[in-house]
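Text of coords.txt (compact mmCIF, C-alpha atoms) as supplied:
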```txt
# COMPACT_ATOMS: atom_id res chain seq x y z
CA MET A 1 0.00 0.00 0.00
CA ARG A 2 1.41 3.37 -1.02
CA ASP A 3 1.10 6.31 1.37
CA ALA A 4 1.89 10.02 1.11
CA VAL A 5 4.46 11.73 3.32
CA VAL A 6 5.84 15.25 3.55
CA VAL A 7 9.62 15.18 3.37
CA ALA A 8 10.24 18.94 3.18
CA ALA A 9 8.12 22.02 3.83
CA VAL A 10 9.19 25.63 3.45
CA ARG A 11 7.50 28.99 3.26
CA SER A 12 8.34 32.57 2.60
CA PRO A 13 8.03 35.11 5.36
CA VAL A 14 4.57 36.67 5.14
CA GLY A 15 4.57 40.32 4.11
CA ARG A 16 1.99 42.97 4.92
CA ARG A 17 0.01 44.75 2.23
CA ALA A 18 2.30 47.21 0.42
CA GLY A 19 5.11 45.85 2.60
CA VAL A 20 8.43 44.11 2.19
CA LEU A 21 7.31 41.53 -0.40
CA SER A 22 5.14 43.84 -2.48
CA THR A 23 8.00 44.54 -4.89
CA VAL A 24 8.32 40.85 -5.84
CA HIS A 25 6.28 39.41 -8.71
CA PRO A 26 4.18 36.48 -7.39
CA ALA A 27 5.74 34.09 -9.91
CA ASP A 28 9.19 35.11 -8.71
CA LEU A 29 8.11 34.77 -5.08
CA SER A 30 6.86 31.26 -5.88
CA ALA A 31 10.07 30.45 -7.71
CA GLN A 32 12.24 31.39 -4.73
CA VAL A 33 10.17 29.13 -2.47
CA LEU A 34 10.42 26.25 -4.97
CA SER A 35 14.18 26.70 -5.13
CA ALA A 36 14.43 26.68 -1.34
CA LEU A 37 12.34 23.52 -1.16
CA VAL A 38 14.55 21.41 -3.42
CA THR A 39 17.67 22.79 -1.74
CA ASP A 40 16.25 21.79 1.63
CA ALA A 41 15.47 18.29 0.36
CA GLY A 42 18.66 17.86 -1.64
CA LEU A 43 16.63 17.04 -4.74
CA ASP A 44 17.32 17.55 -8.42
CA PRO A 45 14.11 19.27 -9.63
CA VAL A 46 14.17 17.26 -12.86
CA GLU A 47 12.74 14.41 -10.77
CA VAL A 48 9.59 16.32 -9.78
CA ASP A 49 6.56 14.82 -11.53
CA ASP A 50 4.30 17.85 -11.08
CA VAL A 51 3.85 21.12 -9.20
CA ILE A 52 0.30 21.73 -7.94
CA TRP A 53 -0.05 25.36 -6.91
CA GLY A 54 -2.89 27.20 -5.21
CA CYS A 55 -3.81 30.75 -6.17
CA VAL A 56 -7.12 32.57 -5.68
CA SER A 57 -7.02 35.75 -7.78
CA GLN A 58 -5.92 34.25 -11.07
CA VAL A 59 -5.75 37.47 -13.05
CA GLY A 60 -2.95 39.74 -14.26
CA GLU A 61 0.37 38.66 -12.77
CA GLN A 62 -1.24 35.58 -11.23
CA THR A 63 -2.85 34.19 -14.37
CA PHE A 64 -1.45 32.09 -17.27
CA ASP A 65 -1.05 29.07 -14.94
CA ILE A 66 1.27 30.63 -12.39
CA ALA A 67 2.41 27.16 -11.29
CA ARG A 68 4.07 26.56 -14.65
CA THR A 69 5.47 30.10 -14.76
CA ALA A 70 6.94 29.60 -11.28
CA VAL A 71 8.61 26.33 -12.31
CA LEU A 72 10.29 27.99 -15.27
CA SER A 73 11.13 31.10 -13.25
CA ALA A 74 12.91 28.88 -10.71
CA GLY A 75 15.17 27.63 -13.50
CA TRP A 76 13.80 24.11 -13.27
CA PRO A 77 13.94 21.88 -16.35
CA GLU A 78 11.24 22.52 -18.95
CA SER A 79 10.12 18.91 -18.48
CA VAL A 80 8.61 19.75 -15.05
CA PRO A 81 4.90 20.65 -15.40
CA GLY A 82 2.70 22.75 -13.15
CA THR A 83 -1.02 23.30 -12.64
CA THR A 84 -2.90 25.94 -10.67
CA VAL A 85 -5.81 25.24 -8.29
CA ASP A 86 -8.56 27.56 -7.03
CA ARG A 87 -10.55 26.46 -4.02
CA GLN A 88 -10.52 29.99 -2.67
CA CYS A 89 -8.66 30.33 0.66
CA GLY A 90 -8.15 26.55 0.74
CA SER A 91 -6.43 26.45 -2.66
CA SER A 92 -3.01 25.30 -1.51
CA GLN A 93 -4.48 22.95 1.09
CA GLN A 94 -6.45 21.40 -1.76
CA ALA A 95 -3.19 21.24 -3.72
CA ILE A 96 -1.79 19.10 -0.89
CA HIS A 97 -4.82 16.82 -1.09
CA PHE A 98 -4.48 16.43 -4.86
CA ALA A 99 -0.75 15.75 -4.53
CA ALA A 100 -1.27 13.14 -1.81
CA ALA A 101 -3.98 11.40 -3.83
CA GLY A 102 -1.74 11.32 -6.88
CA VAL A 103 1.12 9.81 -4.89
CA VAL A 104 -1.08 7.17 -3.26
CA ALA A 105 -2.59 6.27 -6.64
CA GLY A 106 0.86 5.89 -8.21
CA HIS A 107 0.40 8.79 -10.63
CA TYR A 108 3.32 10.61 -8.98
CA ASP A 109 6.46 9.58 -7.14
CA LEU A 110 7.64 13.08 -6.25
CA VAL A 111 5.25 16.03 -6.34
CA VAL A 112 5.30 19.57 -4.98
CA ALA A 113 2.17 21.14 -3.51
CA GLY A 114 1.88 24.75 -2.44
CA GLY A 115 0.63 28.14 -3.43
CA VAL A 116 1.03 31.89 -3.54
CA GLU A 117 -0.86 35.13 -3.28
CA SER A 118 0.43 38.68 -3.70
CA MET A 119 -2.49 40.67 -2.36
CA SER A 120 -0.47 43.88 -2.64
CA ARG A 121 -0.11 43.49 -6.39
CA ILE A 122 -3.37 41.66 -7.13
CA PRO A 123 -5.98 42.98 -4.66
CA MET A 124 -8.67 40.65 -3.37
CA GLY A 125 -11.61 40.62 -5.77
CA SER A 126 -9.52 41.54 -8.82
CA ALA A 127 -10.59 38.40 -10.66
CA VAL A 128 -14.26 39.38 -10.42
CA GLY A 129 -13.96 42.73 -12.15
CA ASP A 130 -17.18 44.49 -13.18
CA ARG A 131 -19.02 41.35 -14.28
CA SER A 132 -20.45 39.07 -11.62
CA PRO A 133 -19.49 35.38 -11.66
CA LEU A 134 -22.94 34.61 -10.25
CA GLY A 135 -25.59 33.85 -12.85
CA GLU A 136 -29.37 34.02 -12.71
CA LEU A 137 -29.85 30.51 -11.32
CA TYR A 138 -27.43 31.13 -8.45
CA THR A 139 -28.93 34.49 -7.53
CA LYS A 140 -32.43 33.05 -7.67
CA ARG A 141 -31.35 30.57 -5.00
CA TYR A 142 -29.10 32.75 -2.81
CA GLY A 143 -29.90 36.37 -3.65
CA ASP A 144 -28.16 39.14 -5.56
CA GLY A 145 -24.65 40.28 -4.79
CA MET A 146 -21.43 38.55 -3.91
CA PRO A 147 -21.38 36.91 -0.45
CA ASN A 148 -19.67 39.15 2.12
CA GLN A 149 -17.20 37.35 4.38
CA GLY A 150 -17.22 40.14 6.94
CA LEU A 151 -20.97 39.89 7.36
CA GLY A 152 -20.56 36.12 7.62
CA ALA A 153 -18.05 36.63 10.43
CA GLU A 154 -20.48 38.98 12.18
CA GLN A 155 -23.27 36.40 11.89
CA ILE A 156 -21.05 33.69 13.38
CA ALA A 157 -20.18 35.99 16.28
CA ARG A 158 -23.88 36.51 16.97
CA GLU A 159 -24.79 32.83 16.71
CA TRP A 160 -22.01 31.77 19.10
CA SER A 161 -22.44 34.78 21.43
CA LEU A 162 -18.92 36.09 20.82
CA ASP A 163 -18.66 39.73 21.85
CA ARG A 164 -16.05 42.30 20.85
CA ALA A 165 -13.96 41.77 23.98
CA VAL A 166 -13.71 38.02 23.33
CA LEU A 167 -12.71 38.54 19.70
CA ASP A 168 -10.11 41.18 20.58
CA ALA A 169 -8.63 39.02 23.35
CA TYR A 170 -8.27 36.19 20.88
CA ALA A 171 -6.55 38.53 18.38
CA GLN A 172 -4.13 39.74 21.04
CA ARG A 173 -3.33 36.12 21.93
CA SER A 174 -2.58 35.35 18.27
CA HIS A 175 0.01 38.13 18.19
CA GLN A 176 1.46 37.10 21.55
CA ARG A 177 1.85 33.49 20.46
CA ALA A 178 3.39 34.43 17.12
CA ALA A 179 5.78 36.87 18.79
CA ALA A 180 6.83 34.18 21.26
CA ALA A 181 7.41 31.75 18.39
CA VAL A 182 9.55 34.31 16.56
CA ALA A 183 11.57 34.99 19.71
CA ALA A 184 12.10 31.27 20.28
CA GLY A 185 13.24 30.71 16.68
CA SER A 186 10.34 28.34 16.03
CA PHE A 187 9.91 29.52 12.44
CA ALA A 188 13.60 29.64 11.54
CA GLY A 189 13.72 26.12 10.09
CA GLN A 190 10.72 26.64 7.83
CA ILE A 191 11.25 30.14 6.40
CA ALA A 192 13.02 30.58 3.07
CA ALA A 193 14.89 33.86 2.74
CA ILE A 194 13.34 35.95 -0.04
CA GLU A 195 15.41 38.32 -2.13
CA THR A 196 13.72 41.62 -2.96
CA PRO A 197 14.99 44.77 -4.70
CA ASP A 198 15.34 46.28 -1.22
CA GLY A 199 17.18 43.38 0.41
CA THR A 200 16.65 39.96 1.95
CA VAL A 201 13.49 39.22 3.95
CA THR A 202 13.56 36.49 6.59
CA VAL A 203 10.92 37.49 9.18
CA ASP A 204 7.12 37.68 9.10
CA GLU A 205 6.17 41.33 8.87
CA GLY A 206 2.74 41.44 10.49
CA VAL A 207 3.47 40.19 14.01
CA ARG A 208 2.96 42.89 16.65
CA ALA A 209 4.41 41.86 19.99
CA ASP A 210 3.02 45.04 21.58
CA CYS A 211 -0.56 44.49 20.39
CA SER A 212 -2.83 45.91 23.11
CA LEU A 213 -6.49 45.45 23.91
CA ASP A 214 -6.94 49.23 24.06
CA THR A 215 -5.66 49.61 20.50
CA LEU A 216 -7.85 46.77 19.27
CA ALA A 217 -10.92 48.18 21.00
CA GLY A 218 -10.45 51.54 19.23
CA LEU A 219 -10.71 50.08 15.71
CA ARG A 220 -13.93 50.58 13.79
CA THR A 221 -16.22 47.77 12.73
CA PRO A 222 -16.49 48.18 8.92
CA PHE A 223 -19.13 45.55 8.21
CA LEU A 224 -21.77 46.64 10.73
CA ALA A 225 -21.92 49.94 12.59
CA ASP A 226 -22.81 48.10 15.79
CA GLY A 227 -20.75 45.03 14.92
CA VAL A 228 -17.85 43.26 16.60
CA VAL A 229 -15.58 42.38 13.66
CA SER A 230 -12.71 44.80 13.05
CA ALA A 231 -9.46 44.78 11.09
CA GLY A 232 -7.68 43.96 14.34
CA ASN A 233 -9.55 40.70 14.97
CA SER A 234 -9.47 39.66 11.31
CA SER A 235 -6.73 38.16 9.16
CA GLN A 236 -4.22 40.52 7.59
CA ILE A 237 -4.07 41.24 3.86
CA SER A 238 -0.76 39.67 2.93
CA ASP A 239 1.81 38.45 0.42
CA GLY A 240 3.35 35.00 0.76
CA SER A 241 4.05 31.55 -0.58
CA ALA A 242 4.71 28.04 0.75
CA ALA A 243 5.53 24.60 -0.65
CA LEU A 244 5.72 20.97 0.46
CA LEU A 245 7.51 18.03 -1.18
CA ILE A 246 5.36 14.91 -1.07
CA THR A 247 6.32 11.32 -1.85
CA THR A 248 5.84 7.81 -0.41
CA SER A 249 7.43 6.38 2.74
CA GLU A 250 9.21 3.79 0.61
CA ILE A 251 10.73 6.34 -1.74
CA ALA A 252 11.66 8.57 1.20
CA ALA A 253 13.51 5.65 2.81
CA THR A 254 15.46 4.90 -0.36
CA ARG A 255 16.49 8.58 -0.55
CA GLY A 256 17.48 8.78 3.09
CA TRP A 257 14.76 11.32 3.84
CA LYS A 258 13.15 11.38 7.29
CA PRO A 259 9.55 12.47 6.68
CA LEU A 260 8.11 15.32 8.69
CA ALA A 261 4.64 13.77 8.63
CA ARG A 262 2.29 11.41 6.84
CA ILE A 263 -0.86 12.81 5.25
CA HIS A 264 -3.20 10.61 7.24
CA THR A 265 -6.64 11.89 6.20
CA ALA A 266 -7.83 14.51 3.71
CA VAL A 267 -11.44 15.64 3.28
CA VAL A 268 -13.45 18.52 1.88
CA VAL A 269 -17.03 19.65 2.53
CA GLY A 270 -19.49 22.24 1.31
CA SER A 271 -21.35 24.64 3.60
CA GLU A 272 -23.85 27.49 3.34
CA PRO A 273 -22.33 29.95 0.80
CA ASN A 274 -23.48 33.28 2.22
CA VAL A 275 -22.16 32.74 5.73
CA MET A 276 -19.45 30.57 4.12
CA LEU A 277 -17.14 30.51 7.17
CA THR A 278 -18.65 27.65 9.20
CA GLY A 279 -17.25 24.89 6.97
CA PRO A 280 -14.36 23.95 9.31
CA ILE A 281 -16.91 22.58 11.81
CA PRO A 282 -18.38 19.84 9.55
CA ALA A 283 -15.00 19.34 7.86
CA THR A 284 -13.45 18.46 11.21
CA ALA A 285 -16.26 16.03 11.98
CA LYS A 286 -15.79 14.36 8.60
CA ALA A 287 -12.02 14.11 9.01
CA LEU A 288 -12.28 12.58 12.47
CA ALA A 289 -14.93 10.09 11.33
CA ARG A 290 -12.92 9.03 8.30
CA SER A 291 -9.66 8.78 10.23
CA GLY A 292 -11.05 6.76 13.12
CA LEU A 293 -9.47 9.24 15.53
CA GLY A 294 -11.05 11.23 18.33
CA LEU A 295 -10.52 14.89 19.10
CA ALA A 296 -8.41 13.90 22.12
CA ASP A 297 -5.94 12.18 19.76
CA ILE A 298 -5.07 15.48 18.09
CA GLY A 299 -2.24 17.40 19.73
CA ALA A 300 -2.35 20.59 17.65
CA PHE A 301 -5.03 22.33 15.60
CA GLU A 302 -4.53 24.92 12.86
CA VAL A 303 -7.92 26.51 12.22
CA ASN A 304 -7.35 29.42 9.87
CA GLU A 305 -7.91 32.77 11.54
CA ALA A 306 -9.81 34.38 8.67
CA PHE A 307 -11.71 36.18 11.43
CA ALA A 308 -11.43 35.54 15.17
CA SER A 309 -15.04 34.35 15.25
CA VAL A 310 -14.16 31.39 12.97
CA PRO A 311 -11.71 29.49 15.24
CA LEU A 312 -13.62 30.56 18.34
CA ALA A 313 -16.90 29.11 17.02
CA TRP A 314 -15.00 25.97 16.01
CA GLN A 315 -13.39 25.73 19.45
CA ALA A 316 -16.71 26.22 21.22
CA THR A 317 -18.30 23.49 19.11
CA TYR A 318 -15.61 20.91 19.87
CA ASP A 319 -14.46 22.14 23.29
CA ALA A 320 -10.89 21.73 22.04
CA PRO A 321 -8.08 22.82 24.37
CA ILE A 322 -7.41 26.49 23.68
CA GLU A 323 -3.68 25.97 24.22
CA SER A 324 -3.63 23.54 21.26
CA LEU A 325 -5.51 25.87 18.91
CA ASN A 326 -3.18 27.83 16.62
CA PRO A 327 -0.37 27.38 19.16
CA VAL A 328 2.13 29.64 17.38
CA GLY A 329 -0.34 32.28 16.27
CA GLY A 330 -2.41 32.40 13.13
CA ALA A 331 -3.48 34.60 10.25
CA ILE A 332 -4.48 37.49 12.53
CA ALA A 333 -0.81 37.88 13.45
CA LEU A 334 1.05 36.14 10.65
CA GLY A 335 -1.18 37.12 7.73
CA HIS A 336 -3.39 35.36 5.20
CA PRO A 337 -1.97 35.29 1.65
CA LEU A 338 -5.10 33.53 0.33
CA GLY A 339 -3.81 30.96 -2.17
CA GLY A 340 -0.64 30.36 -0.15
CA SER A 341 -2.28 30.06 3.27
CA GLY A 342 -3.18 26.36 3.22
CA ALA A 343 0.42 25.39 2.51
CA ARG A 344 1.66 27.95 5.05
CA LEU A 345 -0.54 26.42 7.76
CA ALA A 346 0.57 22.92 6.81
CA THR A 347 4.24 23.93 6.86
CA THR A 348 3.86 25.53 10.27
CA LEU A 349 1.87 22.58 11.61
CA VAL A 350 4.20 19.76 10.53
CA HIS A 351 7.26 21.61 11.85
CA HIS A 352 5.49 22.27 15.15
CA MET A 353 4.50 18.59 15.41
CA ARG A 354 8.10 17.52 14.85
CA ASP A 355 9.51 20.06 17.29
CA ARG A 356 7.01 19.17 20.05
CA GLY A 357 6.77 15.41 19.46
CA ILE A 358 3.07 15.62 18.58
CA ARG A 359 1.72 12.56 16.79
CA TYR A 360 -1.42 13.96 15.15
CA GLY A 361 -2.24 17.47 13.95
CA LEU A 362 -5.37 18.75 12.23
CA GLN A 363 -5.64 21.68 9.85
CA THR A 364 -8.85 23.19 8.48
CA MET A 365 -9.74 26.28 6.44
CA CYS A 366 -12.96 28.13 5.71
CA GLU A 367 -13.27 28.98 2.02
CA GLY A 368 -15.19 31.38 -0.20
CA GLY A 369 -18.35 29.95 -1.67
CA GLY A 370 -19.02 27.88 1.43
CA GLN A 371 -16.44 25.08 1.55
CA ALA A 372 -13.73 23.77 3.86
CA ASN A 373 -10.81 21.39 3.68
CA ALA A 374 -9.55 19.41 6.66
CA THR A 375 -6.28 17.50 6.80
CA ILE A 376 -4.90 15.25 9.52
CA PHE A 377 -1.12 14.84 9.59
CA GLU A 378 0.66 12.06 11.48
CA ARG A 379 4.25 12.49 12.66
CA VAL A 380 6.46 9.59 11.50
```

Spell out the structure here as structure tokens.
Amino acid sequence: MRDAVVVAAVRSPVGRRAGVLSTVHPADLSAQVLSALVTDAGLDPVEVDDVIWGCVSQVGEQTFDIARTAVLSAGWPESVPGTTVDRQCGSSQQAIHFAAAGVVAGHYDLVVAGGVESMSRIPMGSAVGDRSPLGELYTKRYGDGMPNQGLGAEQIAREWSLDRAVLDAYAQRSHQRAAAAVAAGSFAGQIAAIETPDGTVTVDEGVRADCSLDTLAGLRTPFLADGVVSAGNSSQISDGSAALLITTSEIAATRGWKPLARIHTAVVVGSEPNVMLTGPIPATAKALARSGLGLADIGAFEVNEAFASVPLAWQATYDAPIESLNPVGGAIALGHPLGGSGARLATTLVHHMRDRGIRYGLQTMCEGGGQANATIFERV
């Protein structure tokens, strides 16, 4: 029986909007991460069977199959193909699922999964333009207008009785945990140095060690005048990329690679598309049921911090230990480069599992359109 294991996982630092990575073309950012990945693994890229790359706003600099452009930009042989995936915020997590399935099926021996988003250069919503992607049949069912994630986050906060103080306290904790991880060097082994016209970037830009509750409380609530969701308790608009090298245990052994983790279980679900952010709850249930594991078996959870209300509603539903939820901070502190976030979370999770001796970790993402991926990794 073939399995799928992660033998290397790297990511760029995450840059803030108009920040340190905004001067780097997203294909070039991807290329630098791909180069770092094969260097880390000691692999000749000619052996890579495919590159599966997540990207949400596939327009302008991020169109024309950015996966293939990134491969060629990295200087890899022209024989290495690439394909680009869009499952909204879960795009690169879905890339991991596709890569694992291909390895298990025998379609691939060595495959790279990851993704990128440069939200500075290609703003969120750019792919929509002035013509709606929603036709008459969709709007007849769900109403006119594009679903609003901020309003979905507000609705979740109301349904789970999460007030502003709770959301802001969670946001502060995300920054505190990320700052502690930076200070401890926890990210050092996973971050690829990125060359920019202004110098080398090695540190996540959005982490604020001095984040205060007073500052958070003073931010406006843009989605509802009397709402609780603010920029401070939401994910940051970011630039970033991440990649994982996936193969089988048998091939890893022949190469002398010690896998970081096995991809134990991979699932995806649909959820209500207007609220759209509750998908991680049923996705987690599906992953646990399919894996045969219980929540108590999982030692670390990465539930993407699109908005603070998302992981908090998830945590309240499962009564998961808060210390195991996003233990080194999440997208509120580190940033959320859409198409690259799933691979960033996976990279952070598998390194954390290795460093802390955690056997099982679970990752899940809410996604535009009302979907969610969930992945269980097993340390080996």

Quiz item: Hey, which of A:Tyr170, A:Leu219, A:Gly270, A:Gly19 ends up closest to A:Gln315? Count only C-alpha atoms.
Solution: A:Tyr170

Quiz item: Which residues come within 12 Å of A:Ala287, counting all atoms listed in the file, excluding same-chain residues fewer than 3 positions away, as a count of residues only?
Solution: 29

Self-check item: Top pick for closest residue to A:Pro337, considering A:Ala41, A:Ala242, A:Arg173, A:Glu154 and counting only C-alpha atoms
Solution: A:Ala242

Quiz item: atom CA of A:Tyr108 to atom CA of A:Ile251: how many Å, to one decimal?
Solution: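 Computing the Euclidean distance for atom CA of A:Tyr108 and atom CA of A:Ile251 yields 11.2 Å.
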
Self-check item: A:Asp239, A:Asp130, A:Glu205, A:Glu159 ranked by distance to A:Val310, top pick (using only C-alpha atoms)
Solution: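 Looking at the shortest contact to A:Val310, the residue is A:Glu159.
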
Quiz prompt | Closest of A:Gly60, A:Gly218, A:Gly145, A:Gly335 to A:Ala27 - atom-to-atom distances counting only C-alpha atoms | solution =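 Ranking A:Gly60, A:Gly218, A:Gly145, A:Gly335 by distance to A:Ala27, first place goes to A:Gly60.
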
Proximity check stretch 206-266 of chain A to stretch 174-188 of chain A, 12 Å, nearest pairs one decimal Å, all atoms listed in the file, as a Markdown table:
```
| residue | atom | partner | partner_atom | distance |
| --- | --- | --- | --- | --- |
| A:Gly206 | CA | A:His175 | CA | 8.8 |
| A:Val207 | CA | A:His175 | CA | 5.8 |
| A:Arg208 | CA | A:His175 | CA | 5.8 |
| A:Ala209 | CA | A:Ala179 | CA | 5.3 |
| A:Asp210 | CA | A:Gln176 | CA | 8.1 |
| A:Cys211 | CA | A:His175 | CA | 6.8 |
| A:Ser212 | CA | A:His175 | CA | 9.6 |
| A:Leu213 | CA | A:His175 | CA | 11.3 |
| A:Leu216 | CA | A:His175 | CA | 11.7 |
| A:Gly232 | CA | A:His175 | CA | 10.4 |
| A:Asn233 | CA | A:Ser174 | CA | 9.4 |
| A:Ser234 | CA | A:Ser174 | CA | 10.7 |
| A:Ser235 | CA | A:Ser174 | CA | 10.4 |
| A:Gln236 | CA | A:His175 | CA | 11.7 |
```

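Note that atom CA of A:Ile246 and atom CA of A:Glu302 are 19.8 Å apart.
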
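Counting from atom CA of A:Val24, the distance to atom CA of A:Ala113 is 20.8 Å.
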
Exercise. With a distance cut-off of 10 Å and only C-alpha atoms, select the neighbouring residues of stretch 43-53 of chain A, excluding the residue or stretch itself and same-chain residues fewer than 5 positions from it, and output the selection as a VMD selection string.
Key: chain A and resid 30 34 to 35 37 to 38 65 to 68 70 to 71 74 to 86 91 to 99 102 to 103 107 to 116 241 to 247 255 339 to 340 343

Self-check item: Closest of A:Asn304, A:Ser12, A:Ser238, A:Thr23 to A:Ala36 - atom-to-atom distances counting only C-alpha atoms
Solution: A:Ser12

Could you work out an axis-aligned box for stretch 234-243 of chain A, taking every atom the file lists and adding 6 Å on each side, and report centre and edge lengths in Å to one decimal, as AutoDock Vina command-line options?
```
--center_x -2.0 --center_y 32.9 --center_z 5.3 --size_x 27.0 --size_y 28.6 --size_z 24.0
```

Exercise. Could you give me, as a VMD selection string, the residues within 9 Å of A:Val228, counting only C-alpha atoms and dropping anything in the same chain fewer than 6 positions from it?
Key: chain A and resid 154 157 162 to 165 167 to 168 220 to 221
